[in-house]
Amino acid sequence: MHSKVSTAPFTSFSKSAPLRTFCFWCALVPQIAMLFASASYRSLLLILASVLGALCSEARNYIRKKNVTLSAAYALLSGTLTGFFLPPNFPIFSAFLTTFLFMYTAKKIFGNSGVSWVNPVALAVTGAWFIGHAFFGTFTIAGADLLVKNPSLNLIEGALLKNGVDEKLTLFLNDTIFSLFGVSIPNGYVSLFWDNHAAIPAFRFAFWTLLASLFLFSFDFINIEIPAVFLLVYCALVRYVSPLFTGGVPREGDLLLALLSSGILFASVFLLYWPGTTPFSMAGKAFYGAFGGVFAFIFCGTGTSPFGAVATVLFMNIISPALQTFETKSLRKRLSSLLALELGEADK
């Protein structure tokens, strides 16, 4: 009689890292398609250059050590996200070289994928910003615009191209949905969600970012705790604190401007929750998200920052080891207390 050997104690039902990474990249496909549809070929070339830089970084590491520390799917995702945060006027070869050098540096200094405490995308985009910060520009909304109740309306009228169906769709939404709550939205917000025509691709397609977040949260590819706390804290600061600094209408900070003009929404989904860079306990995640919201408010303010979202992620990576160290000590102390309690019960 043959006995059966079970692997049950060692079986994991969690999704594999390559699968999770590939699904993350698939969530970006609609936004890549939107870049094709809007003839944003320069941005597509930058994304391609960044992907090649990330892949070459992996190839370089394999040739030197014969050790694959960054899967092809991981390199594809990292390079694509890096390209999404680069302005279209950024030199293409510089995008390739910057991605290659900083991805390789991230692996050499900060650890390989899964254990690195620095997000390689944030590091690469930061390097690109230091090398060519003139290409990124600066805040695009004037201080005087923040004095009105809805500064995003000025942005819509001045910088955005309204979609051809904006007026009809806005009228439909006001008549069927928003009228139930006694409110209405002005023309332009539909276009703001669909494509705000920002220079940096990560800032443009809020509608598809929201759909991507629903997909990733629903299938448990990322935990919702960190992004939720992050956005809650940032929105609260924008809503209630920002008018104190800008002289705007009290308790009326423009949340749409803040969320849709600096890549905050995109970064909260695709960058903030990165393997190896975040705490593991519920309390640690809550603190991580809360600190992230504070840093986002410091770096991005009320919106239109070209680099603030990435700077927020990088600064969170810097303080994350301290949070994780505190978590480890707290866990060891709790386990020691439980062990002492169990031993005491056994002695009785």
# chains A, B, ... in the order shown; residues from 1 in each chain; ligands from 1

call {"tool": "residues_around", "arguments": {"residues": "range 73-81 of chain A", "least_positions_apart": "5", "cutoff": "10 Å", "atoms": "only C-alpha atoms", "output": "count of residues only"}}
result
45

call {"tool": "residues_around", "arguments": {"residues": "Ala283 in chain A", "least_positions_apart": "3", "cutoff": "12 Å", "atoms": "only C-alpha atoms", "output": "list in words"}}
result
Glu225, Ile226, Val229, Thr278, Pro279, Phe280, Ala286, Phe287, Tyr288, Gly289, Ala290, Leu323, Gln324, Phe326, Glu327, Ser330 and Leu331 of chain A

call {"tool": "write_last_selection", "arguments": {"atoms": "C-alpha atoms", "output": "mmCIF file, in the first residue's frame"}}
result
data_model
loop_
_atom_site.group_PDB
_atom_site.id
_atom_site.type_symbol
_atom_site.label_atom_id
_atom_site.label_comp_id
_atom_site.auth_asym_id
_atom_site.auth_seq_id
_atom_site.Cartn_x
_atom_site.Cartn_y
_atom_site.Cartn_z
ATOM 1 C CA GLU A 225 -5.709 49.943 4.127
ATOM 2 C CA ILE A 226 -2.685 52.030 3.148
ATOM 3 C CA VAL A 229 -5.796 56.024 5.041
ATOM 4 C CA THR A 278 5.461 48.880 3.613
ATOM 5 C CA PRO A 279 4.749 47.740 7.190
ATOM 6 C CA PHE A 280 2.927 44.431 7.725
ATOM 7 C CA ALA A 286 -2.372 52.925 9.299
ATOM 8 C CA PHE A 287 0.628 54.988 10.451
ATOM 9 C CA TYR A 288 2.291 54.549 7.057
ATOM 10 C CA GLY A 289 -0.795 55.783 5.217
ATOM 11 C CA ALA A 290 -1.312 58.687 7.639
ATOM 12 C CA LEU A 323 8.094 51.721 11.339
ATOM 13 C CA GLN A 324 8.986 48.129 10.477
ATOM 14 C CA PHE A 326 9.078 49.251 15.729
ATOM 15 C CA GLU A 327 6.659 46.586 14.458
ATOM 16 C CA SER A 330 6.433 45.185 19.355
ATOM 17 C CA LEU A 331 5.736 41.724 17.945
#

call {"tool": "closest_residue", "arguments": {"among": "A:Val241, A:Phe203, A:Asp175, A:Gly182", "to": "Pro87 in chain A", "atoms": "only C-alpha atoms"}}
result
A:Phe203

call {"tool": "atom_distance", "arguments": {"atom1": "CA of Leu45 in chain A", "atom2": "CA of Val269 in chain A"}}
result
23.3 Å

call {"tool": "select_by_dssp", "arguments": {"residues": "range 189-241 of chain A", "states": "helix (DSSP H, G or I)", "output": "ChimeraX atom specification"}}
result
/A:189-194,201-203,206-218,225-241

call {"tool": "residues_around", "arguments": {"residues": "Ala309 in chain A", "least_positions_apart": "4", "cutoff": "10 Å", "atoms": "only C-alpha atoms", "output": "ChimeraX atom specification"}}
result
/A:85,122,262-268,271-272,292,295-297,299-300,303,305,313-314

call {"tool": "write_last_selection", "arguments": {"atoms": "N, CA and C atoms", "output": "PDB file, in the first residue's frame"}}
result
ATOM      1  N   PHE A  85       5.534  58.613 -15.282  1.00  0.00           N
ATOM      2  CA  PHE A  85       5.772  59.814 -14.478  1.00  0.00           C
ATOM      3  C   PHE A  85       6.748  60.788 -15.132  1.00  0.00           C
ATOM      4  N   ALA A 122      10.074  55.140  -7.810  1.00  0.00           N
ATOM      5  CA  ALA A 122      10.231  56.448  -7.174  1.00  0.00           C
ATOM      6  C   ALA A 122      11.674  56.926  -7.253  1.00  0.00           C
ATOM      7  N   SER A 262      -2.057  66.015  -9.695  1.00  0.00           N
ATOM      8  CA  SER A 262      -0.668  65.796  -9.289  1.00  0.00           C
ATOM      9  C   SER A 262      -0.266  64.326  -9.284  1.00  0.00           C
ATOM     10  N   GLY A 263      -1.131  63.464  -9.783  1.00  0.00           N
ATOM     11  CA  GLY A 263      -0.823  62.051  -9.778  1.00  0.00           C
ATOM     12  C   GLY A 263      -1.000  61.379  -8.434  1.00  0.00           C
ATOM     13  N   ILE A 264      -1.650  62.046  -7.494  1.00  0.00           N
ATOM     14  CA  ILE A 264      -1.855  61.478  -6.164  1.00  0.00           C
ATOM     15  C   ILE A 264      -2.684  60.198  -6.249  1.00  0.00           C
ATOM     16  N   LEU A 265      -3.751  60.241  -7.024  1.00  0.00           N
ATOM     17  CA  LEU A 265      -4.617  59.071  -7.153  1.00  0.00           C
ATOM     18  C   LEU A 265      -3.854  57.910  -7.790  1.00  0.00           C
ATOM     19  N   PHE A 266      -3.099  58.193  -8.834  1.00  0.00           N
ATOM     20  CA  PHE A 266      -2.308  57.175  -9.526  1.00  0.00           C
ATOM     21  C   PHE A 266      -1.248  56.585  -8.593  1.00  0.00           C
ATOM     22  N   ALA A 267      -0.541  57.454  -7.875  1.00  0.00           N
ATOM     23  CA  ALA A 267       0.520  56.995  -6.974  1.00  0.00           C
ATOM     24  C   ALA A 267      -0.035  56.164  -5.829  1.00  0.00           C
ATOM     25  N   SER A 268      -1.218  56.510  -5.329  1.00  0.00           N
ATOM     26  CA  SER A 268      -1.800  55.761  -4.221  1.00  0.00           C
ATOM     27  C   SER A 268      -2.139  54.332  -4.621  1.00  0.00           C
ATOM     28  N   LEU A 271       2.019  52.995  -6.675  1.00  0.00           N
ATOM     29  CA  LEU A 271       3.346  53.188  -6.096  1.00  0.00           C
ATOM     30  C   LEU A 271       3.402  53.023  -4.584  1.00  0.00           C
ATOM     31  N   LEU A 272       2.389  53.483  -3.888  1.00  0.00           N
ATOM     32  CA  LEU A 272       2.481  53.559  -2.433  1.00  0.00           C
ATOM     33  C   LEU A 272       2.586  52.187  -1.784  1.00  0.00           C
ATOM     34  N   GLY A 292       1.978  59.267   5.015  1.00  0.00           N
ATOM     35  CA  GLY A 292       1.977  59.540   3.583  1.00  0.00           C
ATOM     36  C   GLY A 292       1.048  60.673   3.218  1.00  0.00           C
ATOM     37  N   PHE A 295       2.784  63.932   4.195  1.00  0.00           N
ATOM     38  CA  PHE A 295       3.853  64.266   3.252  1.00  0.00           C
ATOM     39  C   PHE A 295       3.282  64.712   1.906  1.00  0.00           C
ATOM     40  N   ALA A 296       2.199  64.073   1.474  1.00  0.00           N
ATOM     41  CA  ALA A 296       1.583  64.473   0.207  1.00  0.00           C
ATOM     42  C   ALA A 296       1.084  65.914   0.277  1.00  0.00           C
ATOM     43  N   PHE A 297       0.528  66.276   1.431  1.00  0.00           N
ATOM     44  CA  PHE A 297       0.057  67.654   1.596  1.00  0.00           C
ATOM     45  C   PHE A 297       1.225  68.632   1.593  1.00  0.00           C
ATOM     46  N   PHE A 299       4.233  68.178   0.067  1.00  0.00           N
ATOM     47  CA  PHE A 299       4.901  68.232  -1.233  1.00  0.00           C
ATOM     48  C   PHE A 299       3.976  68.658  -2.377  1.00  0.00           C
ATOM     49  N   CYS A 300       2.719  68.267  -2.311  1.00  0.00           N
ATOM     50  CA  CYS A 300       1.788  68.562  -3.409  1.00  0.00           C
ATOM     51  C   CYS A 300       0.870  69.727  -3.108  1.00  0.00           C
ATOM     52  N   GLY A 303      -2.519  70.676  -5.143  1.00  0.00           N
ATOM     53  CA  GLY A 303      -2.544  70.084  -6.475  1.00  0.00           C
ATOM     54  C   GLY A 303      -1.614  70.760  -7.466  1.00  0.00           C
ATOM     55  N   SER A 305       1.201  69.726  -8.658  1.00  0.00           N
ATOM     56  CA  SER A 305       2.633  69.551  -8.467  1.00  0.00           C
ATOM     57  C   SER A 305       3.148  68.514  -9.459  1.00  0.00           C
ATOM     58  N   VAL A 313       6.209  59.293  -2.026  1.00  0.00           N
ATOM     59  CA  VAL A 313       6.504  57.859  -1.956  1.00  0.00           C
ATOM     60  C   VAL A 313       7.936  57.630  -1.489  1.00  0.00           C
ATOM     61  N   LEU A 314       8.867  58.405  -2.017  1.00  0.00           N
ATOM     62  CA  LEU A 314      10.278  58.225  -1.646  1.00  0.00           C
ATOM     63  C   LEU A 314      10.506  58.539  -0.168  1.00  0.00           C
TER      64      LEU A 314
END

call {"tool": "residues_around", "arguments": {"residues": "range 126-143 of chain A", "least_positions_apart": "4", "cutoff": "10 Å", "atoms": "only C-alpha atoms", "output": "ChimeraX atom specification"}}
result
/A:82,85-91,94-95,97-99,101-102,120-122,147,151-152,154-155,158-159,199-200,246-248,257,261-262,300-308,310-311,314

call {"tool": "atom_distance", "arguments": {"atom1": "CA of Ala106 in chain A", "atom2": "CA of Val118 in chain A"}}
result
7.2 Å
